[in-house]
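Containing PDB, C-alpha atoms: target_8.pdb.
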ATOM      1  CA  ALA A 272       0.000   0.000   0.000
ATOM      2  CA  SER A 273       1.107   3.527  -0.708
ATOM      3  CA  VAL A 274      -0.162   6.396   1.492
ATOM      4  CA  ARG A 275       0.475  10.148   1.377
ATOM      5  CA  ALA A 276      -1.256  13.280   2.657
ATOM      6  CA  ILE A 277      -2.783  15.651   0.083
ATOM      7  CA  GLN A 278      -4.617  18.970  -0.015
ATOM      8  CA  PRO A 279      -8.435  18.687   0.024
ATOM      9  CA  PRO A 280      -9.526  17.788  -3.523
ATOM     10  CA  PRO A 281     -12.404  19.537  -5.316
ATOM     11  CA  VAL A 282     -15.110  16.967  -4.583
ATOM     12  CA  PRO A 283     -18.840  17.709  -4.492
ATOM     13  CA  GLU A 284     -20.567  18.056  -1.133
ATOM     14  CA  ARG A 285     -22.323  14.963   0.149
ATOM     15  CA  THR A 286     -26.058  14.715   0.771
ATOM     16  CA  PRO A 287     -26.554  14.243   3.656
ATOM     17  CA  PRO A 288     -23.431  16.158   4.684
ATOM     18  CA  ILE A 289     -20.564  14.331   6.373
ATOM     19  CA  ARG A 290     -20.364  14.852  10.124
ATOM     20  CA  HIS A 291     -17.514  17.068  11.268
ATOM     21  CA  ARG A 292     -15.690  16.301  14.495
ATOM     22  CA  GLN A 293     -14.530  19.356  16.388
ATOM     23  CA  GLN A 294     -11.791  17.576  18.359
ATOM     24  CA  ILE A 295     -10.294  15.565  15.487
ATOM     25  CA  PRO A 296      -8.444  17.381  12.690
ATOM     26  CA  THR A 297      -9.479  16.692   9.095
ATOM     27  CA  SER A 298      -6.892  15.155   6.777
ATOM     28  CA  TRP A 299      -7.091  13.973   3.182
ATOM     29  CA  LEU A 300      -5.012  10.978   2.108
ATOM     30  CA  THR A 301      -4.367   9.279  -1.176
ATOM     31  CA  ILE A 302      -4.084   5.524  -0.702
ATOM     32  CA  GLN A 303      -3.068   3.074  -3.389
ATOM     33  CA  LEU A 304      -3.840  -0.572  -2.672
ATOM     34  CA  SER A 305      -2.724  -3.538  -4.746
ATOM     35  CA  GLU A 306      -5.504  -5.665  -3.265
ATOM     36  CA  GLY A 307      -8.233  -4.242  -1.068
ATOM     37  CA  LYS A 308      -9.929  -6.238   1.660
ATOM     38  CA  ASN A 309     -13.346  -5.613   3.203
ATOM     39  CA  ARG A 310     -13.398  -2.121   4.799
ATOM     40  CA  GLN A 311      -9.569  -2.130   4.872
ATOM     41  CA  ILE A 312      -9.109   1.641   4.600
ATOM     42  CA  ARG A 313     -11.689   2.340   7.312
ATOM     43  CA  LYS A 314     -10.081  -0.218   9.639
ATOM     44  CA  MET A 315      -6.536   1.094   9.050
ATOM     45  CA  THR A 316      -7.375   4.749   9.692
ATOM     46  CA  ALA A 317      -9.585   3.955  12.708
ATOM     47  CA  LYS A 318      -6.729   1.977  14.278
ATOM     48  CA  LEU A 319      -4.587   5.133  14.043
ATOM     49  CA  GLY A 320      -7.296   7.247  15.692
ATOM     50  CA  PHE A 321      -8.439   8.979  12.486
ATOM     51  CA  PRO A 322     -11.775   7.491  11.420
ATOM     52  CA  THR A 323     -12.556   7.629   7.697
ATOM     53  CA  LEU A 324     -15.486   9.926   6.972
ATOM     54  CA  ARG A 325     -15.420   9.749   3.177
ATOM     55  CA  ILE A 326     -13.823   7.580   0.485
ATOM     56  CA  VAL A 327     -13.544   8.832  -3.085
ATOM     57  CA  ARG A 328     -12.409   6.246  -5.647
ATOM     58  CA  ILE A 329     -10.450   7.746  -8.542
ATOM     59  CA  GLY A 330      -9.402   4.585 -10.326
ATOM     60  CA  THR A 331      -9.452   0.830 -10.292
ATOM     61  CA  GLY A 332      -6.750  -1.630 -11.263
ATOM     62  CA  ARG A 333      -4.175  -0.502 -13.791
ATOM     63  CA  PHE A 334      -7.018   0.988 -15.794
ATOM     64  CA  ASN A 335      -7.677   4.531 -14.609
ATOM     65  CA  LEU A 336     -11.354   5.298 -15.127
ATOM     66  CA  ALA A 337     -10.820   9.043 -14.760
ATOM     67  CA  LEU A 338     -13.525   9.050 -12.108
ATOM     68  CA  GLU A 339     -12.379  12.391 -10.745
ATOM     69  CA  SER A 340     -13.657  14.153 -13.889
ATOM     70  CA  LEU A 341     -17.217  12.802 -13.520
ATOM     71  CA  VAL A 342     -19.959  14.737 -11.776
ATOM     72  CA  PRO A 343     -22.539  12.953  -9.580
ATOM     73  CA  GLY A 344     -24.958  10.989 -11.756
ATOM     74  CA  GLN A 345     -22.725  11.147 -14.833
ATOM     75  CA  CYS A 346     -21.416   7.993 -16.494
ATOM     76  CA  PHE A 347     -19.472   7.025 -19.595
ATOM     77  CA  GLU A 348     -19.428   3.976 -21.820
ATOM     78  CA  LEU A 349     -16.348   1.773 -22.111
ATOM     79  CA  GLY A 350     -15.072   0.782 -25.534
ATOM     80  CA  GLN A 351     -14.544  -2.871 -26.484
ATOM     81  CA  ASP A 352     -10.749  -2.558 -26.069
ATOM     82  CA  GLN A 353     -11.172  -1.143 -22.545
ATOM     83  CA  ILE A 354     -13.584  -3.952 -21.599
ATOM     84  CA  LYS A 355     -11.113  -6.549 -22.918
ATOM     85  CA  ARG A 356      -8.277  -5.013 -20.852
ATOM     86  CA  LEU A 357     -10.405  -5.122 -17.697
ATOM     87  CA  ARG A 358     -11.372  -8.744 -18.302
ATOM     88  CA  ASP A 359      -7.755  -9.719 -18.967
ATOM     89  CA  GLU A 360      -6.614  -8.069 -15.720
ATOM     90  CA  HIS A 361      -9.170  -9.977 -13.632
ATOM     91  CA  ALA A 362      -8.825 -13.361 -15.336
TER      92      ALA A 362
END

Taking this structure as input, can you express it in the form of structure tokens?
Amino acid sequence: ASVRAIQPPPVPERTPPIRHRQQIPTSWLTIQLSEGKNRQIRKMTAKLGFPTLRIVRIGTGRFNLALESLVPGQCFELGQDQIKRLRDEHA
């Protein structure tokens, strides 16, 4: 896993809004996992005393879906070559 602190990214507000904790500072991290387990990020940050309030996925596998450029409710269609690459990676 690779972890580093980042500046808050330009992500849309959540509905309902995320709770803010007055006594715990807010930090944004970028985490790159080679294989994610069930609730792994939430468990890791909670163990350190910094509970995860929001997770924003910006890619999956070696194929970057450019999720950060999508707005809520927007989607895009994958081409046949992209679908084949995804299938080959998970075979």

Pick from A:Pro283, A:His361, A:Ser273, A:Leu319, whichever lies nearest to A:Ser305 using all atoms listed in the file: A:Ser273

Close residues, stretch 343-354 of chain A itself excluded, 9 Å, only C-alpha atoms, min 3 positions apart in chain, as a ChimeraX atom specification: /A:283,334,357-359

Selection as a PyMOL selection string: residues within 12 Å of (-10.5, 4.3, 6.9), counting all atoms listed in the file: chain A and resi 274+298-302+307-327

Residue selection dump (C-alpha atoms) as a CSV table (one decimal), keeping the file's coordinate frame:
chain,number,residue,atom,x,y,z
A,274,VAL,CA,-0.2,6.4,1.5
A,298,SER,CA,-6.9,15.2,6.8
A,299,TRP,CA,-7.1,14.0,3.2
A,300,LEU,CA,-5.0,11.0,2.1
A,301,THR,CA,-4.4,9.3,-1.2
A,302,ILE,CA,-4.1,5.5,-0.7
A,307,GLY,CA,-8.2,-4.2,-1.1
A,308,LYS,CA,-9.9,-6.2,1.7
A,309,ASN,CA,-13.3,-5.6,3.2
A,310,ARG,CA,-13.4,-2.1,4.8
A,311,GLN,CA,-9.6,-2.1,4.9
A,312,ILE,CA,-9.1,1.6,4.6
A,313,ARG,CA,-11.7,2.3,7.3
A,314,LYS,CA,-10.1,-0.2,9.6
A,315,MET,CA,-6.5,1.1,9.0
A,316,THR,CA,-7.4,4.7,9.7
A,317,ALA,CA,-9.6,4.0,12.7
A,318,LYS,CA,-6.7,2.0,14.3
A,319,LEU,CA,-4.6,5.1,14.0
A,320,GLY,CA,-7.3,7.2,15.7
A,321,PHE,CA,-8.4,9.0,12.5
A,322,PRO,CA,-11.8,7.5,11.4
A,323,THR,CA,-12.6,7.6,7.7
A,324,LEU,CA,-15.5,9.9,7.0
A,325,ARG,CA,-15.4,9.7,3.2
A,326,ILE,CA,-13.8,7.6,0.5
A,327,VAL,CA,-13.5,8.8,-3.1

Shortest interatomic distance to A:Pro279 - which of A:Glu306, A:Arg328, A:Thr297, A:His291, counting all atoms listed in the file: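 Between A:Glu306, A:Arg328, A:Thr297, A:His291, the residue approaching A:Pro279 most closely is A:Thr297.
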
Gap from atom CA of A:Thr286 to atom CA of A:Ser340 - Å, one decimal: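 Answer for the atom CA of A:Thr286 to atom CA of A:Ser340 separation: 19.2 Å.
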
Please determine an axis-aligned box that encloses all atoms of stretch 302-316 of chain A listed in the file, with 3 Å added on each side, and express its centre and edge lengths in Å to one decimal as lines of an AutoDock Vina configuration file.
center_x = -8.1
center_y = -0.4
center_z = 2.5
size_x = 16.7
size_y = 17.8
size_z = 20.4
